[in-house]
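Below: final11.cif (mmCIF, C-alpha atoms)
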```
data_structure
#
loop_
_atom_site.label_atom_id
_atom_site.label_comp_id
_atom_site.auth_asym_id
_atom_site.auth_seq_id
_atom_site.Cartn_x
_atom_site.Cartn_y
_atom_site.Cartn_z
CA SER A 1 40.43 -20.54 -8.83
CA ARG A 2 37.13 -20.79 -6.98
CA GLU A 3 37.50 -21.63 -3.32
CA GLU A 4 34.31 -22.39 -1.44
CA PRO A 5 33.98 -20.83 2.02
CA VAL A 6 31.45 -22.50 4.28
CA THR A 7 28.44 -20.43 4.69
CA ALA A 8 24.53 -26.08 -3.54
CA THR A 9 20.30 -31.30 -12.99
CA ASN A 10 18.13 -32.23 -14.95
CA ASP A 11 18.26 -35.95 -13.99
CA THR A 12 18.48 -35.40 -10.26
CA GLU A 13 15.05 -33.90 -9.63
CA GLN A 14 13.46 -37.34 -9.52
CA LEU A 15 16.20 -38.59 -7.19
CA ASN A 16 16.25 -35.64 -4.80
CA GLN A 17 15.27 -36.49 -1.28
CA TYR A 18 12.93 -34.11 0.45
CA ASP A 19 13.69 -34.62 4.11
CA ARG A 20 13.65 -30.94 5.10
CA GLN A 21 17.43 -30.82 5.27
CA GLY A 22 18.95 -27.98 3.30
CA ARG A 23 22.62 -27.10 2.97
CA LEU A 24 22.32 -24.49 5.74
CA GLY A 25 19.99 -26.21 8.18
CA THR A 26 16.92 -28.32 8.89
CA TRP A 27 13.33 -27.09 9.12
CA ARG A 28 10.44 -28.70 10.95
CA GLU A 29 7.45 -30.43 9.42
CA PRO A 30 5.06 -27.45 9.01
CA ARG A 31 2.13 -29.28 10.61
CA GLU A 32 4.09 -29.17 13.87
CA TRP A 33 3.84 -25.38 13.78
CA LEU A 34 0.20 -25.64 12.76
CA HIS A 35 -0.34 -27.87 15.80
CA VAL A 36 1.20 -25.16 18.04
CA ALA A 37 -0.95 -22.47 16.43
CA TYR A 38 -4.21 -24.42 16.71
CA ALA A 39 -3.51 -25.23 20.37
CA ALA A 40 -2.93 -21.52 21.06
CA LEU A 41 -6.25 -20.70 19.39
CA GLY A 42 -8.11 -23.34 21.37
CA ARG A 43 -8.75 -25.44 18.28
CA GLU A 44 -8.29 -29.18 18.09
CA PRO A 45 -4.53 -29.71 17.60
CA LYS A 46 -5.24 -33.00 15.84
CA ASP A 47 -6.79 -30.97 12.98
CA ALA A 48 -3.26 -29.91 12.08
CA SER A 49 -2.26 -33.52 11.42
CA VAL A 50 -4.86 -33.92 8.70
CA TYR A 51 -4.47 -30.48 7.14
CA ALA A 52 -4.50 -31.10 3.39
CA ALA A 53 -1.70 -29.69 1.28
CA LEU A 54 -1.41 -29.47 -2.48
CA PRO A 55 -0.24 -32.63 -4.28
CA ALA A 56 3.52 -32.38 -4.80
CA ALA A 57 5.83 -33.72 -7.49
CA GLY A 58 9.56 -33.78 -6.80
CA SER A 59 11.48 -32.08 -4.03
CA LYS A 60 10.65 -28.56 -5.25
CA GLY A 61 6.95 -29.39 -5.31
CA ALA A 62 7.15 -30.83 -1.81
CA GLY A 63 8.88 -27.67 -0.64
CA VAL A 64 6.20 -25.44 -2.14
CA SER A 65 3.51 -27.62 -0.54
CA ASP A 66 5.25 -27.21 2.83
CA LEU A 67 5.45 -23.46 2.29
CA LEU A 68 1.68 -23.22 1.95
CA ILE A 69 1.22 -25.01 5.28
CA TYR A 70 3.80 -22.72 6.89
CA GLU A 71 1.78 -19.73 5.72
CA GLU A 72 -1.39 -21.19 7.19
CA ALA A 73 0.42 -21.72 10.51
CA GLU A 74 1.85 -18.21 10.32
CA GLN A 75 -1.59 -16.64 9.96
CA ALA A 76 -2.96 -18.80 12.77
CA LEU A 77 -0.17 -17.76 15.14
CA LYS A 78 -0.67 -14.10 14.23
CA GLU A 79 -4.34 -14.48 15.13
CA ALA A 80 -3.38 -16.15 18.43
CA ILE A 81 -1.06 -13.23 19.24
CA ARG A 82 -3.83 -10.74 18.49
CA LEU A 83 -6.28 -12.51 20.81
CA ASP A 84 -3.87 -13.30 23.67
CA ASP A 85 -3.53 -10.90 26.61
CA GLU A 86 0.00 -12.25 27.20
CA PRO A 87 1.25 -13.10 23.71
CA LEU A 88 4.95 -13.58 24.54
CA ALA A 89 4.94 -17.39 24.15
CA CYS A 90 3.08 -17.20 20.82
CA SER A 91 5.45 -14.47 19.60
CA VAL A 92 8.49 -16.63 20.35
CA SER A 93 6.79 -19.57 18.58
CA LEU A 94 6.12 -17.39 15.54
CA ALA A 95 9.79 -16.34 15.53
CA GLY A 96 10.74 -20.02 15.50
CA LEU A 97 8.39 -20.59 12.59
CA TYR A 98 10.02 -17.72 10.67
CA HIS A 99 13.45 -19.25 11.28
CA ASP A 100 12.32 -22.53 9.72
CA LYS A 101 10.41 -20.78 6.94
CA SER A 102 13.55 -18.82 6.05
CA LEU A 103 15.46 -22.06 5.57
CA LEU A 104 12.71 -23.40 3.32
CA HIS A 105 12.70 -20.22 1.22
CA GLN A 106 16.47 -20.56 0.83
CA TYR A 107 16.07 -24.21 -0.21
CA LEU A 108 13.65 -23.02 -2.90
CA HIS A 109 16.19 -20.35 -3.98
CA ASP A 110 13.83 -17.57 -2.90
CA VAL A 111 16.37 -15.25 -1.27
CA PRO A 112 13.99 -12.27 -0.82
CA GLY A 113 11.49 -14.57 0.88
CA ALA A 114 14.21 -16.01 3.11
CA LEU A 115 15.42 -12.53 4.09
CA GLN A 116 11.90 -11.33 4.86
CA ALA A 117 11.11 -14.34 7.04
CA CYS A 118 14.42 -13.88 8.86
CA ALA A 119 13.77 -10.16 9.45
CA ASN A 120 10.26 -10.92 10.75
CA GLY A 121 11.65 -13.43 13.24
CA ILE A 122 14.39 -11.06 14.47
CA LYS A 123 11.88 -8.27 15.05
CA LEU A 124 9.74 -10.60 17.19
CA LEU A 125 12.75 -11.84 19.16
CA LYS A 126 13.96 -8.30 19.87
CA ASN A 127 10.52 -7.42 21.19
CA ALA A 128 10.47 -10.62 23.25
CA TRP A 129 13.92 -9.86 24.70
CA GLY A 130 12.63 -6.42 25.71
CA GLN A 131 9.83 -8.10 27.67
CA LYS A 132 11.75 -11.02 29.18
CA HIS A 133 15.45 -11.85 29.34
CA SER A 134 16.00 -15.56 28.89
CA PRO A 135 18.85 -17.72 27.52
CA LYS A 136 16.46 -19.23 24.97
CA ILE A 137 15.48 -15.86 23.49
CA SER A 138 19.06 -14.51 23.39
CA HIS A 139 20.30 -17.72 21.73
CA TRP A 140 17.56 -17.63 19.09
CA LEU A 141 18.18 -13.93 18.44
CA ILE A 142 21.93 -14.42 17.91
CA GLU A 143 21.30 -17.49 15.75
CA SER A 144 18.68 -15.66 13.66
CA GLN A 145 21.02 -12.71 13.15
CA SER A 146 23.72 -15.14 12.02
CA ARG A 147 21.26 -16.60 9.52
CA GLN A 148 20.36 -13.10 8.27
CA ILE A 149 24.06 -12.22 7.90
CA THR A 150 24.69 -15.35 5.82
CA LEU A 151 21.76 -14.55 3.53
CA LEU A 152 22.82 -10.92 3.09
CA THR A 153 26.44 -11.94 2.45
CA ASN A 154 25.48 -14.56 -0.13
CA SER A 155 23.18 -12.06 -1.87
CA GLY A 156 26.02 -9.52 -2.13
CA ASP A 157 24.65 -6.94 0.34
CA LEU A 158 27.86 -6.82 2.36
CA HIS A 159 27.17 -3.39 3.85
CA SER A 160 23.93 -4.55 5.48
CA ALA A 161 25.53 -7.86 6.48
CA LEU A 162 28.37 -6.05 8.25
CA SER A 163 25.90 -3.78 10.05
CA VAL A 164 23.94 -6.75 11.41
CA ALA A 165 27.19 -8.55 12.33
CA ASP A 166 28.42 -5.56 14.35
CA GLU A 167 25.03 -5.37 16.09
CA SER A 168 25.13 -9.08 16.91
CA ILE A 169 28.68 -8.94 18.30
CA ALA A 170 27.80 -5.85 20.37
CA PHE A 171 24.80 -7.72 21.82
CA CYS A 172 27.01 -10.72 22.66
CA GLU A 173 29.60 -8.50 24.36
CA GLN A 174 26.86 -6.70 26.31
CA LEU A 175 25.59 -10.04 27.60
CA ILE A 176 29.10 -11.24 28.47
CA ASN A 177 29.83 -8.06 30.43
CA ARG A 178 26.45 -7.72 32.17
CA ASP A 179 24.37 -10.89 31.96
CA SER A 180 26.79 -13.71 31.15
CA HIS A 181 24.27 -16.39 32.18
CA PHE A 182 22.13 -15.32 29.20
CA ILE A 183 24.73 -16.24 26.57
CA GLU A 184 26.68 -19.31 25.56
CA ALA A 185 30.34 -18.79 24.64
CA GLN A 186 29.65 -20.73 21.45
CA ASP A 187 27.13 -18.07 20.37
CA TYR A 188 29.79 -15.35 20.65
CA ALA A 189 32.24 -17.46 18.62
CA GLY A 190 29.53 -17.98 16.02
CA ALA A 191 28.92 -14.21 15.78
CA GLN A 192 32.65 -13.68 15.20
CA PHE A 193 32.63 -16.39 12.53
CA THR A 194 29.82 -14.79 10.54
CA LYS A 195 31.49 -11.36 10.65
CA ALA A 196 34.80 -12.90 9.56
CA ASN A 197 32.99 -14.41 6.55
CA ILE A 198 31.90 -10.93 5.46
CA LEU A 199 35.44 -9.58 5.82
CA LEU A 200 36.67 -12.53 3.73
CA LYS A 201 34.22 -11.51 1.01
CA THR A 202 35.31 -7.85 1.14
CA GLY A 203 38.98 -8.80 0.85
CA ASP A 204 39.96 -7.55 4.31
CA PHE A 205 42.02 -10.66 4.93
CA ILE A 206 44.00 -9.35 7.91
CA ALA A 207 40.85 -8.51 9.90
CA ALA A 208 39.16 -11.76 8.79
CA ASP A 209 42.19 -13.79 9.88
CA ALA A 210 42.18 -12.16 13.32
CA LEU A 211 38.49 -12.91 13.85
CA TYR A 212 38.78 -16.50 12.62
CA SER A 213 41.72 -16.99 15.00
CA SER A 214 39.73 -15.61 17.94
CA CYS A 215 36.73 -17.75 17.02
CA ILE A 216 38.89 -20.89 16.70
CA GLN A 217 40.57 -20.27 20.06
CA LYS A 218 37.19 -19.87 21.80
CA LEU A 219 35.77 -22.98 20.18
CA LYS A 220 38.80 -25.10 21.05
CA GLU A 221 38.51 -23.98 24.69
CA ILE A 222 34.82 -24.90 24.67
CA GLN A 223 35.50 -28.28 23.06
CA ASN A 224 38.19 -29.06 25.62
CA LYS A 225 35.68 -28.48 28.44
CA ALA A 226 32.66 -30.20 26.90
CA GLU A 227 32.79 -31.58 23.37
CA SER A 228 29.69 -31.07 21.25
CA GLN A 229 28.84 -32.00 17.67
CA HIS A 230 27.61 -28.50 16.83
CA GLY A 231 30.68 -26.83 18.31
CA ALA A 232 33.04 -29.21 16.54
CA ARG A 233 31.33 -28.55 13.22
CA LEU A 234 31.52 -24.78 13.69
CA LEU A 235 35.22 -25.19 14.54
CA SER A 236 35.82 -27.18 11.35
CA GLN A 237 34.10 -24.45 9.33
CA ALA A 238 36.17 -21.72 10.98
CA LEU A 239 39.35 -23.70 10.24
CA MET A 240 38.34 -24.11 6.60
CA ASN A 241 37.70 -20.42 6.10
CA LYS A 242 40.88 -19.41 7.95
CA ALA A 243 42.78 -21.68 5.56
CA ILE A 244 41.21 -19.82 2.63
CA VAL A 245 42.46 -16.54 4.11
CA SER A 246 45.94 -18.03 4.53
CA ARG A 247 46.03 -19.06 0.88
CA LYS A 248 44.85 -15.64 -0.26
CA ARG A 249 47.69 -14.16 1.79
CA SER A 250 50.08 -16.50 -0.10
CA ASP A 251 50.76 -18.70 2.94
CA TYR A 252 50.21 -21.90 0.97
CA GLU A 253 51.94 -24.25 3.40
CA GLY A 254 50.05 -22.74 6.34
CA ALA A 255 46.78 -23.14 4.45
CA ALA A 256 47.53 -26.82 3.73
CA ARG A 257 48.27 -27.47 7.43
CA ILE A 258 45.00 -25.85 8.51
CA TYR A 259 43.08 -27.85 5.89
CA ASP A 260 44.62 -31.03 7.30
CA GLU A 261 43.36 -30.10 10.78
CA CYS A 262 39.93 -29.30 9.32
CA LEU A 263 39.80 -32.61 7.40
CA SER A 264 40.83 -34.57 10.47
CA MET A 265 38.05 -32.96 12.51
CA LEU A 266 35.48 -33.60 9.78
CA ARG A 267 36.49 -37.27 9.59
CA ARG A 268 35.85 -37.60 13.34
CA LEU A 269 32.46 -35.93 12.95
CA MET A 270 31.53 -38.16 10.00
CA ALA A 271 32.40 -41.25 12.06
CA LYS A 272 29.79 -40.19 14.61
CA SER A 273 27.05 -38.88 12.30
CA ALA A 274 25.81 -39.96 8.87
CA ASP A 275 25.06 -36.39 7.79
CA TRP A 276 25.42 -35.64 4.09
CA ARG A 277 26.25 -32.01 4.89
CA LEU A 278 29.40 -33.11 6.71
CA GLU A 279 30.41 -35.13 3.65
CA CYS A 280 29.79 -32.09 1.47
CA GLU A 281 31.97 -29.93 3.72
CA TYR A 282 34.66 -32.62 3.72
CA ALA A 283 34.68 -32.60 -0.08
CA GLN A 284 34.81 -28.78 -0.04
CA ALA A 285 37.84 -28.92 2.23
CA LEU A 286 39.53 -31.38 -0.15
CA MET A 287 38.78 -29.09 -3.09
CA ASN A 288 40.07 -26.01 -1.26
CA LYS A 289 43.21 -27.84 -0.16
CA ALA A 290 43.77 -28.83 -3.79
CA ILE A 291 43.73 -25.13 -4.73
CA ALA A 292 46.29 -24.37 -2.00
CA ILE A 293 48.50 -27.25 -3.22
CA GLY A 294 48.03 -26.16 -6.83
CA SER A 295 49.10 -22.63 -5.89
CA ARG A 296 52.41 -24.14 -4.72
CA GLY A 297 52.98 -25.53 -8.23
CA ILE A 298 52.06 -29.16 -7.53
CA PRO A 299 49.16 -29.77 -9.97
CA GLU A 300 49.43 -33.59 -9.88
CA THR A 301 48.71 -33.68 -6.13
CA ALA A 302 45.94 -31.12 -6.61
CA VAL A 303 44.27 -33.36 -9.22
CA ALA A 304 44.42 -36.36 -6.85
CA LEU A 305 42.68 -34.35 -4.11
CA LEU A 306 40.10 -33.07 -6.58
CA ASN A 307 39.37 -36.61 -7.77
CA GLU A 308 38.52 -37.57 -4.19
CA ALA A 309 36.30 -34.52 -3.80
CA ILE A 310 34.59 -35.14 -7.16
CA ASP A 311 33.80 -38.75 -6.20
CA ILE A 312 32.04 -37.52 -3.05
CA PHE A 313 30.12 -34.75 -4.82
CA LYS A 314 29.05 -37.16 -7.59
CA ARG A 315 27.74 -39.67 -5.08
CA LEU A 316 25.84 -36.98 -3.18
CA VAL A 317 24.21 -35.68 -6.38
CA GLN A 318 23.73 -38.81 -8.49
CA LYS A 319 23.15 -41.51 -5.87
CA ASP A 320 21.88 -39.66 -2.80
CA GLY A 321 19.87 -37.06 -4.71
CA ARG A 322 21.42 -34.03 -2.98
CA HIS A 323 21.09 -31.47 -5.74
CA GLU A 324 22.54 -28.76 -3.48
CA ALA A 325 25.97 -30.35 -4.07
CA ALA A 326 25.75 -29.99 -7.87
CA HIS A 327 27.23 -26.49 -7.88
CA TYR A 328 30.23 -27.71 -5.87
CA LEU A 329 30.63 -30.64 -8.27
CA SER A 330 30.74 -28.21 -11.20
CA GLY A 331 33.38 -26.12 -9.44
CA ALA A 332 35.57 -29.12 -8.61
CA LEU A 333 35.42 -30.36 -12.21
CA ALA A 334 36.33 -26.93 -13.57
CA GLN A 335 39.25 -26.69 -11.16
CA LYS A 336 40.45 -30.16 -12.18
CA GLY A 337 40.33 -29.02 -15.80
CA ASN A 338 42.64 -26.11 -14.99
CA TYR A 339 45.23 -28.39 -13.40
CA LEU A 340 45.00 -30.98 -16.17
CA ARG A 341 45.76 -28.17 -18.60
CA ASP A 342 48.79 -27.18 -16.48
CA ILE A 343 50.02 -30.78 -16.56
CA GLY A 344 49.62 -30.83 -20.35
CA ASP A 345 46.60 -33.16 -20.58
CA LEU A 346 44.56 -30.89 -22.86
CA THR A 347 42.15 -33.64 -23.95
CA GLY A 348 41.31 -34.50 -20.34
CA ALA A 349 41.02 -30.81 -19.45
CA VAL A 350 38.49 -30.17 -22.22
CA ALA A 351 36.42 -33.22 -21.24
CA VAL A 352 36.04 -32.34 -17.55
CA CYS A 353 35.43 -28.66 -18.33
CA ARG A 354 32.60 -29.70 -20.65
CA ASP A 355 31.10 -31.74 -17.81
CA ALA A 356 31.42 -28.75 -15.47
CA VAL A 357 29.69 -26.43 -17.94
CA LYS A 358 26.92 -28.97 -18.57
CA ILE A 359 26.13 -29.25 -14.86
CA LEU A 360 26.27 -25.49 -14.32
CA ARG A 361 24.00 -24.89 -17.34
CA GLN A 362 21.48 -27.37 -15.93
CA ILE A 363 21.49 -25.56 -12.59
CA VAL A 364 20.93 -22.16 -14.21
CA ILE A 365 18.21 -23.36 -16.60
CA THR A 366 16.45 -26.07 -14.57
CA GLU A 367 16.55 -24.35 -11.19
CA GLY A 368 16.37 -20.78 -12.48
CA ARG A 369 19.59 -19.83 -10.65
CA GLN A 370 20.16 -16.62 -12.59
CA GLU A 371 22.74 -15.44 -10.03
CA LEU A 372 25.04 -18.11 -11.51
CA SER A 373 24.66 -16.86 -15.10
CA GLU A 374 27.87 -14.83 -14.96
CA GLU A 375 29.78 -17.85 -13.66
CA LEU A 376 28.33 -19.92 -16.49
CA ALA A 377 29.40 -17.31 -19.05
CA LEU A 378 32.95 -17.32 -17.65
CA SER A 379 33.01 -21.13 -17.76
CA LEU A 380 31.98 -21.12 -21.41
CA PHE A 381 34.66 -18.51 -22.17
CA ASN A 382 37.37 -20.55 -20.44
#
```
Written form, structure tokens:
Amino acid sequence: SREEPVTATNDTEQLNQYDRQGRLGTWREPREWLHVAYAALGREPKDASVYAALPAAGSKGAGVSDLLIYEEAEQALKEAIRLDDEPLACSVSLAGLYHDKSLLHQYLHDVPGALQACANGIKLLKNAWGQKHSPKISHWLIESQSRQITLLTNSGDLHSALSVADESIAFCEQLINRDSHFIEAQDYAGAQFTKANILLKTGDFIAADALYSSCIQKLKEIQNKAESQHGARLLSQALMNKAIVSRKRSDYEGAARIYDECLSMLRRLMAKSADWRLECEYAQALMNKAIAIGSRGIPETAVALLNEAIDIFKRLVQKDGRHEAAHYLSGALAQKGNYLRDIGDLTGAVAVCRDAVKILRQIVITEGRQELSEELALSLFN
């Protein structure tokens, strides 16, 4: 079974929206950064608005076009830093650019590019923190480290991810003990969440469960004092991943209860915000709950939950053009096939498994996602 912790076809490329919203975050229109860079250089900021990019076809082409403008803005900000006697403000701006550029690289499935941009931004923020302590710099540094940890974890470099996670948590604890006005409690909870995700990947479920529990407790306390959309979403993600740990520790009923809490929170968030990423996470939670229910020997209920998840994933991919959800759709279909086989519906199982393989093959071939080749081979074998 393939549970999806929260940390994305051939016919969808024409439908895909390019609104600078990836599965893991949103990046700014690159001309905004170019505007900042030109202003710092004393050039006419309005020149940034008319900066010509390459003609783009499809969402991938639009992303590549954006990347070229980001690189122009990056070079301009580097020049501004070189010429400025007090380059702190430009350095922090360049770090912000690298954060956005990392998200764009990830959207384009360029993991090395995303990691390099992230590392560049963290280096600048550490230097900036050494020059001036401010809540803005500490928040960006912790957030950028969290981004780097996610990238390293997803790329399989768990040793490096754990090293950065320990560094980030140590920095948070240092701020809490010495300079508490420079850190938000939510940042510390987020640092715990990202480390727990690594431990989940390594199979250290006891340690992961403890960290998720600590993170959830902190976030619930924060939400009780002042509810925020970002905090509530992080809480829902922590609940989802804690439920995965519970299932892996064979606490199937406990996992189902936690998924219900997660789903309830996501429904409240979706009622307030029309964000496709929340819908995607809601469908993930349904799929993961189905696996927990299926592990208890109730395949019929698992199939019903998967049908609901599949309907959401299909709409996101086929109607809304969110190709990042295609991989989740493939996984949900494959999981449904397993439970249909358990029920005895072999014809139905073969049909949905064929659909799952078709989608996964399209992702590997069309998008060049070679990291999914092994998963595709296993799907063909099954």
Exercise. Using the chain letters and numbers from the file, which residues does the PyMOL selection byres ((chain A and resi 222) around 10) grab, as a list in words?
Worked result: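 Applied to this file, the PyMOL selection byres ((chain A and resi 222) around 10) selects Glu184, Ala185, Gln186, Ala189, Ile216, Gln217, Lys218, Leu219, Lys220, Glu221, Gln223, Asn224, Lys225, Ala226, Glu227, Ser228, Gly231 and Ala232 of chain A.
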Problem set entry | For region 137-147 of chain A: contacts at 8 Å, only C-alpha atoms, fewer than 3 positions along chain excluded, given as a PyMOL selection string | chain A and resi 92+99+118+121-122+125-126+128-129+133-134+150-151+164-165+168+172+182-184+187+190-191+194
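Atom pair CA of Asp311 (chain A) / CA of Trp276 (chain A) has a distance of 13.6 Å (rounded to one decimal).
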For this session: Determine the residue set returned by the PyMOL selection byres ((chain A and resi 66) around 9) for the present structure, and present it as a list in words.
Result: Glu29, Pro30, Arg31, Ala53, Leu54, Gly61, Ala62, Gly63, Val64, Ser65, Leu67, Leu68, Ile69, Tyr70, Glu71 and Leu104 of chain A
Keeping C-alpha atoms, export the residues of the selection given above as a compact mmCIF listing (two decimals), in the coordinates of the input.
```txt
# COMPACT_ATOMS: atom_id res chain seq x y z
CA GLU A 29 7.45 -30.43 9.42
CA PRO A 30 5.06 -27.45 9.01
CA ARG A 31 2.13 -29.28 10.61
CA ALA A 53 -1.70 -29.69 1.28
CA LEU A 54 -1.41 -29.47 -2.48
CA GLY A 61 6.95 -29.39 -5.31
CA ALA A 62 7.15 -30.83 -1.81
CA GLY A 63 8.88 -27.67 -0.64
CA VAL A 64 6.20 -25.44 -2.14
CA SER A 65 3.51 -27.62 -0.54
CA LEU A 67 5.45 -23.46 2.29
CA LEU A 68 1.68 -23.22 1.95
CA ILE A 69 1.22 -25.01 5.28
CA TYR A 70 3.80 -22.72 6.89
CA GLU A 71 1.78 -19.73 5.72
CA LEU A 104 12.71 -23.40 3.32
```
For this session: Expand the PyMOL selection byres ((chain A and resi 332) around 8) into the individual residues it matches in the shown file, reporting them as a ChimeraX atom specification.
Result: /A:287,306,309-310,328-331,333-336
